[in-house]
Every structure is written in C-alpha cells, then in structure tokens.
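Okay, so here's the structure we're looking at.
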Amino acid sequence: MKIKLNLCHAAFILLTASLLIGSGCSKKESSSSATSTADNSTSPFTVSEITQTNSGDGYFTGSFVVPSDGISFLLSTHKDNNASVAFYSLSDPDGTDILSSSSTPNLNGVASGSLGGSGYANVLVPQSPSFSAKAGTWTFKAYNNDRVKLALRSRSTPTSTTIVVQPYITGTTWAAGDLTATLSVMSGIYSTNGITLTINSTITISDSQYAAISGTFTDSTTSALVSQGVTEGVNLFFIEDYSDSEHLGNAAGIPGSMGIANSWNGVLISLTAHVSGSTLDAQLLGETAAHEMGHQLGLFHTTEKWGTEFDIISDTAECAKSSRDNNDDGLVSAEECDGYGANNVMFWRPWTTSSQSAGKKQETLSSHQQHVLKYSPIAK
Amino acid sequence: MKYLFIICILFWNLTGITVAAPDKAQVMELLEGRHWKLDVESFQLLGDDTDKVLIEIGGDTSLINYLRFRALDALSLFPTENTASFLELYAEKSFAPLARRGFEALKKGFYKTQPQRVKRLAVRLLKHHNAQVRISAARFMRSVDAPRFKRFLKSESDSWVRKEAQK
C-alpha cells in the first residue's frame, strides 16, 4: 500500500479555512473569466482559459470537455497576488471526484490542486496509470482565483514519445558549452527509458541579477527568470547558484506548469552546488536535471528520506526504513537502498561520491513512471 | 572506597564517549539529498562536538560543493568560538558562494550573542566584489544600522543590487 506524500491534516484544514475566507471576501464576477483563449484549436496540444461561474457558496465552478481522442490534461488555478489557490473538487465524466479521499483512486493530498499552492496549483491527469483522461465532460469546483486554465493533449497516440527541452544558463562562471556532457547524460537517461528528448540550443541569460536567485518561485526575480521559459517544452534553468537555499535543484511543482509562460514553467538547477574543485560533475548534474524534469512532469520521489513515505506509483521499488535502515540513523541512504530503488531517477538522494566513483548511477524509471511521462500534456 | 573510585573513573570514561564528536559519515548523511533543508533537531541530537566535524567538511576542498555549503549552514547551530572564527575566515577569504554562506551562517548563529561581531564583518562585506555577498551583508545592515544601509544604497552602482538588498 502506497502512502500519500506529506499530508498534514492541520495545515490542510488551515489552508482550507483561509481559502474559504479569501473566497468569501471575493467580489469576482463570473463574467471576469469568461473569455476562452484557446491558442490553437487544430493542435494536439491546446491551452485555454475556462469560464467559471460563481456558485454563490464561495466557490467557482466550471467544466471542460475531453474529446474521445484525449490523452491527458493539466488543470491549473491561478492567483496573481500569489495568495493560496486550490480546487475543492474535480469530477470525471462518471461523476467521480478524483480529489476526494473517498474516491478510488484519488489525488487527495497529492496534487497541489488538492493541497493548495501560493499563486498556482494544478491537477495532472494521468499522474499515475490508475487515472485516465476519460472522454466527456469534467467539472470542477475551485476556491477563489483569478483564472483556471486547461492544457489539453489529444490525438497522437503515445507509442513513441518526444519531449522538447529548453536549457538556459545564467551567470558568467560557466558557458553553454560546459553543459554539453550534462545534457548528454540527461538525454541518455530519458532515451534509455523510452523517451526522446529534443534539446534546443542552450540560451545564455547574461543579466547579472539572474546569476544567483531564490529557490522560491514566487520570488520576483525568480519569477521574472522562469517566466521567460518557452511554452512548447520543459525549461531547465541552470543557474550559477541559489541565493537562499541549498538544493541541488528544484522544480516549480509536481508537476509544474506546462504550456503557459508563468513563474512555475520550469526547474532550477544549481551549477555551483555540483562542482568539485573547479570541475562540474556532469554525471551528477545530468541526473539532477533528469530528476527535476521528472518532478516538473509529475513524478514524486519514489522513497522519501525517512523511508516511510513513497510515491503514488505502484511499480516503483520502495525502500522502507523498517527493513533497510541498516545503521539505524533514521534515514535510508542510496547505499542502504541498493536493489530497493536507489537506482531510480526519482530516488530522494544521489549516491555518495564513493559509490558514484564505483559506477553507481540513477538512470532508471519504472514502466508506470514512463507512462506518466509518455502521457504528459507537454509530450508529443 | 577503591571500588567507588574505579566506578567513578569508568563512569567518567563512558561520559566522555557519549559527548565525543559524531562520526563524519553520520554527519554527512544529514547533508545529503537533492533537496535540502537544515534539520535542526537531527543535528542537535549529534552533540556539541559536531561543529568540529562540520568545520572539517566545510573546509574540505576535495568534497563536492553542496556538502560544503550545507555544512556551513549547519554550523549555525553550533555557535562556538571555533565556528565563529571559521565562518569569519571563509566569509572574507573564500570564493564568493562560500563567502556568502559563511556570512549567512555567522549571522544566524551569532547575531543574538555577538551582534557587534556580525556587524563588523557585514560592514567589511558591503564592499565585497561579489554582488550576492554585498546583498547579504546589506540586508543584515538594514536591520541593525539603517543609516549605514542608506549610505550603502547611495554608493551601490548596480540598481538590481539595490533592489535585491531592499527585499
């Protein structure tokens, strides 16, 4: 039985209360978001804004149709002042609310659209093979927001999959050419797992203000950088350094935004963090890029650090503290989880340097993880 | 009496064992992960002498940077004189990413107990060649010496640095 990630009931109740309060104070009229903005009705990937109706009980309701050849969608709710947003419900054409804890399966406490987010939250279907973008009319009920958008993929059958990747590099310490080996590692990881990456030429962003930035996507500088990302692919921002955190990299969400130019449309990866002496560790950096891209497309850590929380995907190996924490330090290291998922791209931590030197890598994705990526709205 | 003395010696030795510095590998475990946030409780459980291990890790130029960076952050939980001296040294003499982290850790660990010491370092770092170090020092200065912060804003040539410093 998989355990859902980081569900804190108290926090959720507080968030729900704050959302309801915010909603109650809203003077938003249903007509304010009534404009449909389908970008390209003939494309297999479309982004449109959904008309919402103020239901009078503090919520906004809306609906959309998944066509018979629909493959996947990402439904997102936005608030420009970065206040909390979330969906109260999202029901499929059969009337099953996939955000309700009483539904089977469900994304309650898993999707940011259920947990809530600052300024942005979403629901991805499918986020595991247990879900599908069923054809027909889906309905949602959302808390106070400025707009709800739908990124919908249809028509192409996901037998062979291509994902466009747009790398960026900031700062002056490294140049685009220094990423060649890293991007090759990342491309190899995805190729091995049945996904072709079309990696665009790296774009150099020379403004010095973007050399080191906050790891918080609502920060104004980070937002200004990430919003420059393309809408037809996954944006990887290889920043020189973080200004306020010690991640190797972090994604804007699980998943982040897709197809919309906004603050959540990309991942950050620190170059300086991956340096030994004066050398970039291309293998580790490539694995981090692959890992963050996995998050951005909807994959969770297969096993979390304490070995007590696991992803929602049923075919990924679990490394449980109860059986694998050999040194009893309360953490499950990659070495302790050798043979129990440590080689998965989405394992919570990399191998130690000595294990990497011994040839250990994190380059595997399970069949179900591949399914999520192959069905991604942004994939082709 | 003789036996009591022996028991006391044994007890003293055992006590010595319990407060000994933690194993380096044990500390390194707490610095791992693709995403990382300082786990205050876990570090504090390691004991007082953890600072010595963290200083060793932070100063180990053969290690990958993310481990060294995180070690500096964790040092803020162990505000010893050794820690303060190490962080001051790194804030002034090391490469910019480590310098900024050295200052940030000193600020977190010593602002309440030695505010003047932190301020003296911040004053010097306001003239650092690296913008991120200047921003970090300036943000601290804003909270402790508003007139000096205003002077910094007037003298700082990069507009984006002035803007970041006021965040």
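Every chain in the structure tokens has a letter given in the order shown (A, B, ...), and although residue numbers restart at 1 in each chain, ligands are simply numbered from 1 in the order shown.
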Exercise for the section: Specify as a ChimeraX atom specification all residues of chain B found within 10 Å of chain A, counting only C-alpha atoms. Expected result: /B:26,28-38,42,60-70,73,97-98,100-101,104,131-133,135-136,158-161,163-164,167
Writing out the chosen residues with N, CA and C atoms as a short mmCIF file (atom, residue, chain, number, x, y, z; two decimals), in the first residue's frame:
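Output file result-v4.cif is given in full below:
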data_model
loop_
_atom_site.label_atom_id
_atom_site.label_comp_id
_atom_site.auth_asym_id
_atom_site.auth_seq_id
_atom_site.Cartn_x
_atom_site.Cartn_y
_atom_site.Cartn_z
N GLN B 26 28.21 9.91 9.74
CA GLN B 26 26.91 10.18 10.35
C GLN B 26 26.47 11.63 10.03
N MET B 28 27.64 13.45 7.51
CA MET B 28 27.46 13.55 6.05
C MET B 28 26.06 13.08 5.63
N GLU B 29 25.55 12.08 6.30
CA GLU B 29 24.22 11.57 5.97
C GLU B 29 23.17 12.68 6.07
N LEU B 30 23.35 13.55 7.06
CA LEU B 30 22.38 14.63 7.26
C LEU B 30 22.55 15.77 6.26
N LEU B 31 23.61 15.70 5.48
CA LEU B 31 23.85 16.75 4.49
C LEU B 31 23.41 16.31 3.10
N GLU B 32 22.89 15.11 2.99
CA GLU B 32 22.56 14.55 1.67
C GLU B 32 21.13 14.88 1.22
N GLY B 33 20.87 14.64 -0.05
CA GLY B 33 19.54 14.83 -0.64
C GLY B 33 19.58 15.82 -1.78
N ARG B 34 18.76 15.58 -2.81
CA ARG B 34 18.73 16.54 -3.91
C ARG B 34 18.08 17.84 -3.46
N HIS B 35 17.17 17.73 -2.52
CA HIS B 35 16.55 18.93 -1.95
C HIS B 35 16.94 18.92 -0.47
N TRP B 36 17.23 20.05 0.09
CA TRP B 36 17.78 20.04 1.45
C TRP B 36 17.30 21.25 2.24
N LYS B 37 16.98 20.94 3.49
CA LYS B 37 16.61 21.98 4.43
C LYS B 37 17.26 21.61 5.74
N LEU B 38 17.81 22.57 6.45
CA LEU B 38 18.52 22.30 7.69
C LEU B 38 17.58 21.62 8.70
N SER B 42 17.72 16.96 14.16
CA SER B 42 18.64 15.85 13.91
C SER B 42 20.09 16.25 14.16
N ASP B 60 36.88 21.10 3.51
CA ASP B 60 37.47 20.04 2.68
C ASP B 60 37.29 20.36 1.19
N THR B 61 38.34 20.86 0.58
CA THR B 61 38.24 21.29 -0.82
C THR B 61 38.08 20.13 -1.80
N SER B 62 38.27 18.91 -1.31
CA SER B 62 38.10 17.77 -2.22
C SER B 62 36.64 17.34 -2.32
N LEU B 63 35.81 17.86 -1.43
CA LEU B 63 34.39 17.48 -1.44
C LEU B 63 33.60 18.30 -2.45
N ILE B 64 32.50 17.73 -2.92
CA ILE B 64 31.62 18.47 -3.82
C ILE B 64 30.97 19.62 -3.05
N ASN B 65 30.76 20.73 -3.75
CA ASN B 65 30.34 21.96 -3.07
C ASN B 65 29.08 21.83 -2.24
N TYR B 66 28.09 21.07 -2.72
CA TYR B 66 26.82 21.08 -1.99
C TYR B 66 26.97 20.57 -0.57
N LEU B 67 27.89 19.65 -0.36
CA LEU B 67 28.12 19.16 1.01
C LEU B 67 28.79 20.24 1.85
N ARG B 68 29.75 20.94 1.27
CA ARG B 68 30.44 22.01 2.00
C ARG B 68 29.46 23.14 2.32
N PHE B 69 28.63 23.50 1.36
CA PHE B 69 27.66 24.59 1.58
C PHE B 69 26.72 24.24 2.74
N ARG B 70 26.24 23.01 2.72
CA ARG B 70 25.28 22.60 3.75
C ARG B 70 25.95 22.50 5.11
N ASP B 73 25.95 25.89 6.61
CA ASP B 73 24.62 26.24 7.13
C ASP B 73 24.39 25.55 8.48
N PRO B 97 30.54 32.11 -3.47
CA PRO B 97 29.42 31.33 -2.94
C PRO B 97 29.66 30.84 -1.50
N LEU B 98 30.89 30.49 -1.20
CA LEU B 98 31.21 30.04 0.16
C LEU B 98 31.27 31.24 1.10
N ARG B 100 29.51 34.02 0.95
CA ARG B 100 28.15 34.44 1.32
C ARG B 100 27.56 33.49 2.35
N ARG B 101 27.79 32.20 2.15
CA ARG B 101 27.25 31.23 3.11
C ARG B 101 27.94 31.34 4.46
N GLU B 104 26.23 34.23 6.10
CA GLU B 104 24.84 33.88 6.47
C GLU B 104 24.82 32.98 7.71
N ALA B 131 28.33 40.56 -5.93
CA ALA B 131 27.06 41.23 -5.65
C ALA B 131 26.23 40.49 -4.60
N GLN B 132 26.21 39.16 -4.68
CA GLN B 132 25.39 38.39 -3.73
C GLN B 132 25.89 38.54 -2.30
N VAL B 133 27.19 38.64 -2.14
CA VAL B 133 27.75 38.85 -0.80
C VAL B 133 27.36 40.24 -0.30
N ILE B 135 24.76 41.95 -1.18
CA ILE B 135 23.31 41.93 -0.89
C ILE B 135 23.05 41.32 0.48
N SER B 136 23.72 40.21 0.74
CA SER B 136 23.53 39.52 2.02
C SER B 136 23.93 40.42 3.19
N ASP B 158 25.07 49.17 -8.89
CA ASP B 158 24.14 48.29 -9.61
C ASP B 158 22.70 48.46 -9.08
N SER B 159 21.82 48.87 -9.94
CA SER B 159 20.44 49.11 -9.50
C SER B 159 19.77 47.82 -9.01
N TRP B 160 20.07 46.70 -9.68
CA TRP B 160 19.42 45.45 -9.27
C TRP B 160 19.90 45.01 -7.89
N VAL B 161 21.15 45.34 -7.56
CA VAL B 161 21.66 45.02 -6.22
C VAL B 161 20.93 45.84 -5.17
N LYS B 163 17.98 46.97 -5.43
CA LYS B 163 16.61 46.44 -5.35
C LYS B 163 16.57 45.14 -4.52
N GLU B 164 17.52 44.25 -4.78
CA GLU B 164 17.55 42.98 -4.04
C GLU B 164 17.83 43.22 -2.55
N LYS B 167 14.77 43.81 -0.49
CA LYS B 167 13.73 42.77 -0.42
C LYS B 167 13.55 42.30 1.00
#
Practice task
Skip stretch 82-97 of chain A itself and residues of its chain fewer than 5 positions away, then list as a PyMOL selection string all residues within 9 Å of it, counting only C-alpha atoms.
Solution key: chain A and resi 15-16+18-19+22+59+65+76-77+102-104+106+112-123+133-145+218
Same residues, C-alpha atoms, output as a short mmCIF file (atom, residue, chain, number, x, y, z; two decimals), in the first residue's frame:
data_model
loop_
_atom_site.label_atom_id
_atom_site.label_comp_id
_atom_site.auth_asym_id
_atom_site.auth_seq_id
_atom_site.Cartn_x
_atom_site.Cartn_y
_atom_site.Cartn_z
CA LEU A 15 -5.36 26.22 4.27
CA THR A 16 -8.93 25.26 3.53
CA SER A 18 -8.02 30.55 4.62
CA LEU A 19 -9.15 29.73 1.12
CA GLY A 22 -10.50 34.57 0.87
CA TYR A 59 -16.68 28.59 -4.82
CA VAL A 65 -14.74 18.51 -22.39
CA SER A 76 -4.44 24.82 -13.16
CA THR A 77 -5.76 27.60 -10.96
CA SER A 102 -13.34 8.68 -0.54
CA SER A 103 -12.80 8.04 -4.26
CA THR A 104 -10.70 5.20 -5.63
CA ASN A 106 -7.79 9.72 -5.84
CA SER A 112 -1.06 20.64 -5.49
CA GLY A 113 -4.56 21.38 -6.73
CA SER A 114 -5.79 19.44 -3.71
CA LEU A 115 -3.21 20.59 -1.16
CA GLY A 116 -3.20 24.20 -2.32
CA GLY A 117 -0.37 26.40 -3.53
CA SER A 118 0.74 30.02 -3.41
CA GLY A 119 -0.50 31.67 -6.59
CA TYR A 120 -0.62 28.43 -8.54
CA ALA A 121 -1.89 24.88 -8.11
CA ASN A 122 -2.81 22.13 -10.51
CA VAL A 123 -4.12 18.65 -11.13
CA ALA A 133 -8.27 11.48 -19.17
CA LYS A 134 -11.71 9.98 -19.74
CA ALA A 135 -13.63 11.42 -22.65
CA GLY A 136 -16.60 13.54 -21.72
CA THR A 137 -17.37 16.48 -19.51
CA TRP A 138 -15.26 17.08 -16.42
CA THR A 139 -16.47 19.53 -13.80
CA PHE A 140 -14.56 21.33 -11.09
CA LYS A 141 -15.20 23.50 -8.08
CA ALA A 142 -12.38 25.90 -7.25
CA TYR A 143 -11.57 28.25 -4.42
CA ASN A 144 -11.17 31.94 -5.14
CA ASN A 145 -8.87 32.52 -8.09
CA THR A 218 7.10 33.36 -6.19
#
Handout entry: Which of stretch 75-308 of chain A fall in alpha helix (DSSP H), as JSON, numbers by chain
Key = {"A": [112, 113, 114, 115, 180, 181, 182, 183, 184, 185, 186, 187, 188, 189, 190, 191, 192, 220, 221, 222, 223, 224, 225, 226, 282, 283, 284, 285, 286, 287, 288, 289, 290, 291, 292, 293, 294, 295, 296]}
Residues as selected, N, CA and C atoms, written as an mmCIF file, in the first residue's frame, can you do that?
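File produced: part04.cif:
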data_model
loop_
_atom_site.group_PDB
_atom_site.id
_atom_site.type_symbol
_atom_site.label_atom_id
_atom_site.label_comp_id
_atom_site.auth_asym_id
_atom_site.auth_seq_id
_atom_site.Cartn_x
_atom_site.Cartn_y
_atom_site.Cartn_z
ATOM 1 N N SER A 112 -1.088 19.301 -6.085
ATOM 2 C CA SER A 112 -1.058 20.645 -5.485
ATOM 3 C C SER A 112 -2.433 21.281 -5.590
ATOM 4 N N GLY A 113 -3.195 20.879 -6.609
ATOM 5 C CA GLY A 113 -4.558 21.379 -6.734
ATOM 6 C C GLY A 113 -5.452 20.929 -5.599
ATOM 7 N N SER A 114 -5.056 19.892 -4.885
ATOM 8 C CA SER A 114 -5.789 19.442 -3.710
ATOM 9 C C SER A 114 -5.204 20.057 -2.441
ATOM 10 N N LEU A 115 -3.881 20.061 -2.352
ATOM 11 C CA LEU A 115 -3.207 20.595 -1.162
ATOM 12 C C LEU A 115 -3.273 22.111 -1.096
ATOM 13 N N THR A 180 27.310 20.590 -22.246
ATOM 14 C CA THR A 180 27.173 19.555 -23.277
ATOM 15 C C THR A 180 27.138 18.142 -22.688
ATOM 16 N N ALA A 181 28.104 17.839 -21.839
ATOM 17 C CA ALA A 181 28.171 16.492 -21.259
ATOM 18 C C ALA A 181 26.961 16.223 -20.367
ATOM 19 N N THR A 182 26.557 17.234 -19.615
ATOM 20 C CA THR A 182 25.402 17.104 -18.713
ATOM 21 C C THR A 182 24.128 16.789 -19.489
ATOM 22 N N LEU A 183 23.908 17.553 -20.548
ATOM 23 C CA LEU A 183 22.689 17.354 -21.347
ATOM 24 C C LEU A 183 22.709 15.999 -22.045
ATOM 25 N N SER A 184 23.904 15.547 -22.361
ATOM 26 C CA SER A 184 24.039 14.228 -22.969
ATOM 27 C C SER A 184 23.656 13.133 -21.970
ATOM 28 N N VAL A 185 24.087 13.308 -20.720
ATOM 29 C CA VAL A 185 23.719 12.351 -19.660
ATOM 30 C C VAL A 185 22.202 12.322 -19.490
ATOM 31 N N MET A 186 21.608 13.512 -19.408
ATOM 32 C CA MET A 186 20.153 13.592 -19.214
ATOM 33 C C MET A 186 19.407 12.970 -20.390
ATOM 34 N N SER A 187 19.845 13.298 -21.589
ATOM 35 C CA SER A 187 19.203 12.758 -22.781
ATOM 36 C C SER A 187 19.301 11.226 -22.803
ATOM 37 N N GLY A 188 20.473 10.729 -22.400
ATOM 38 C CA GLY A 188 20.678 9.281 -22.359
ATOM 39 C C GLY A 188 19.747 8.601 -21.367
ATOM 40 N N ILE A 189 19.548 9.240 -20.217
ATOM 41 C CA ILE A 189 18.665 8.671 -19.194
ATOM 42 C C ILE A 189 17.241 8.529 -19.750
ATOM 43 N N TYR A 190 16.757 9.588 -20.380
ATOM 44 C CA TYR A 190 15.385 9.536 -20.885
ATOM 45 C C TYR A 190 15.271 8.574 -22.072
ATOM 46 N N SER A 191 16.312 8.571 -22.912
ATOM 47 C CA SER A 191 16.295 7.679 -24.073
ATOM 48 C C SER A 191 16.235 6.213 -23.631
ATOM 49 N N THR A 192 17.022 5.886 -22.613
ATOM 50 C CA THR A 192 17.033 4.524 -22.076
ATOM 51 C C THR A 192 15.652 4.117 -21.586
ATOM 52 N N SER A 220 10.201 37.592 -6.813
ATOM 53 C CA SER A 220 10.018 38.392 -8.034
ATOM 54 C C SER A 220 11.119 38.153 -9.066
ATOM 55 N N THR A 221 12.363 37.971 -8.609
ATOM 56 C CA THR A 221 13.456 37.762 -9.560
ATOM 57 C C THR A 221 13.376 36.366 -10.182
ATOM 58 N N THR A 222 13.133 35.380 -9.348
ATOM 59 C CA THR A 222 12.985 34.012 -9.863
ATOM 60 C C THR A 222 11.811 33.944 -10.841
ATOM 61 N N SER A 223 10.734 34.587 -10.469
ATOM 62 C CA SER A 223 9.546 34.605 -11.324
ATOM 63 C C SER A 223 9.860 35.244 -12.677
ATOM 64 N N ALA A 224 10.609 36.349 -12.633
ATOM 65 C CA ALA A 224 10.948 37.041 -13.883
ATOM 66 C C ALA A 224 11.813 36.157 -14.777
ATOM 67 N N LEU A 225 12.678 35.361 -14.156
ATOM 68 C CA LEU A 225 13.538 34.463 -14.947
ATOM 69 C C LEU A 225 12.722 33.316 -15.542
ATOM 70 N N VAL A 226 11.995 32.624 -14.687
ATOM 71 C CA VAL A 226 11.288 31.421 -15.132
ATOM 72 C C VAL A 226 10.189 31.773 -16.147
ATOM 73 N N ALA A 282 29.444 16.259 -14.334
ATOM 74 C CA ALA A 282 28.444 16.154 -15.408
ATOM 75 C C ALA A 282 27.442 15.025 -15.160
ATOM 76 N N GLN A 283 27.912 13.908 -14.611
ATOM 77 C CA GLN A 283 27.000 12.786 -14.369
ATOM 78 C C GLN A 283 25.960 13.171 -13.305
ATOM 79 N N LEU A 284 26.452 13.712 -12.194
ATOM 80 C CA LEU A 284 25.530 14.096 -11.122
ATOM 81 C C LEU A 284 24.600 15.216 -11.586
ATOM 82 N N LEU A 285 25.145 16.180 -12.306
ATOM 83 C CA LEU A 285 24.341 17.301 -12.797
ATOM 84 C C LEU A 285 23.281 16.807 -13.781
ATOM 85 N N GLY A 286 23.669 15.866 -14.624
ATOM 86 C CA GLY A 286 22.715 15.298 -15.583
ATOM 87 C C GLY A 286 21.607 14.537 -14.871
ATOM 88 N N GLU A 287 21.978 13.819 -13.812
ATOM 89 C CA GLU A 287 20.973 13.079 -13.033
ATOM 90 C C GLU A 287 20.049 14.053 -12.294
ATOM 91 N N THR A 288 20.610 15.142 -11.797
ATOM 92 C CA THR A 288 19.762 16.144 -11.135
ATOM 93 C C THR A 288 18.798 16.773 -12.136
ATOM 94 N N ALA A 289 19.304 17.096 -13.324
ATOM 95 C CA ALA A 289 18.428 17.682 -14.353
ATOM 96 C C ALA A 289 17.306 16.712 -14.711
ATOM 97 N N ALA A 290 17.654 15.432 -14.862
ATOM 98 C CA ALA A 290 16.639 14.415 -15.179
ATOM 99 C C ALA A 290 15.630 14.295 -14.032
ATOM 100 N N HIS A 291 16.121 14.359 -12.803
ATOM 101 C CA HIS A 291 15.281 14.249 -11.606
ATOM 102 C C HIS A 291 14.296 15.435 -11.528
ATOM 103 N N GLU A 292 14.811 16.635 -11.695
ATOM 104 C CA GLU A 292 13.942 17.820 -11.594
ATOM 105 C C GLU A 292 12.934 17.858 -12.741
ATOM 106 N N MET A 293 13.365 17.420 -13.892
ATOM 107 C CA MET A 293 12.435 17.356 -15.023
ATOM 108 C C MET A 293 11.325 16.340 -14.719
ATOM 109 N N GLY A 294 11.696 15.255 -14.055
ATOM 110 C CA GLY A 294 10.693 14.273 -13.627
ATOM 111 C C GLY A 294 9.658 14.896 -12.708
ATOM 112 N N HIS A 295 10.129 15.690 -11.746
ATOM 113 C CA HIS A 295 9.188 16.404 -10.866
ATOM 114 C C HIS A 295 8.276 17.321 -11.690
ATOM 115 N N GLN A 296 8.902 18.090 -12.576
ATOM 116 C CA GLN A 296 8.149 19.087 -13.352
ATOM 117 C C GLN A 296 7.048 18.428 -14.181
#
Practice task
Tell me, as a list in words, which residues lie within 12 Å of stretch 45-48 of chain B, counting only C-alpha atoms; anything in the same chain fewer than 5 positions away does not count.
Solution key: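 So the residues in contact are Asp329 of chain A; Gly16, Ile17, Thr18, Val19, Ala20, Ala21, Pro22, Asp23, Lys24, Ala25, Gln26, Val27, Met28, Glu29, Leu30, Asp39, Val40, Val53, Leu54, Ala74, Leu75, Leu77, Phe78, Pro79, Thr80 and Thr83 of chain B.
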Problem - Between atom CA of A:Gln127 and atom CA of A:Gly298, distance in Å (one decimal) - result: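 We find that atom CA of A:Gln127 and atom CA of A:Gly298 lie 6.2 Å from each other.
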Practice task
Within 9 Å of A:Ile195, counting only C-alpha atoms, which residues show up once you throw out same-chain ones fewer than 6 positions away? Write them as number ranges by chain, please.
Solution key: A: 160-163, 187, 189, 370, 373-374
Practice task
Please provide the set of residues having any atom within 10 Å of A:Ser323, restricted to only C-alpha atoms, with same-chain residues fewer than 4 positions apart removed, written as a list in words.
Solution key: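 That gives Gly307, Cys319, Val332, Glu336 and Cys337 of chain A.
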Practice task
Could you please determine the separation between atom CA of B:Asn130 and atom CA of B:Ser155 in Å, to one decimal place?
Solution key: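 Rounded to one decimal, the two atoms are 15.0 Å apart.
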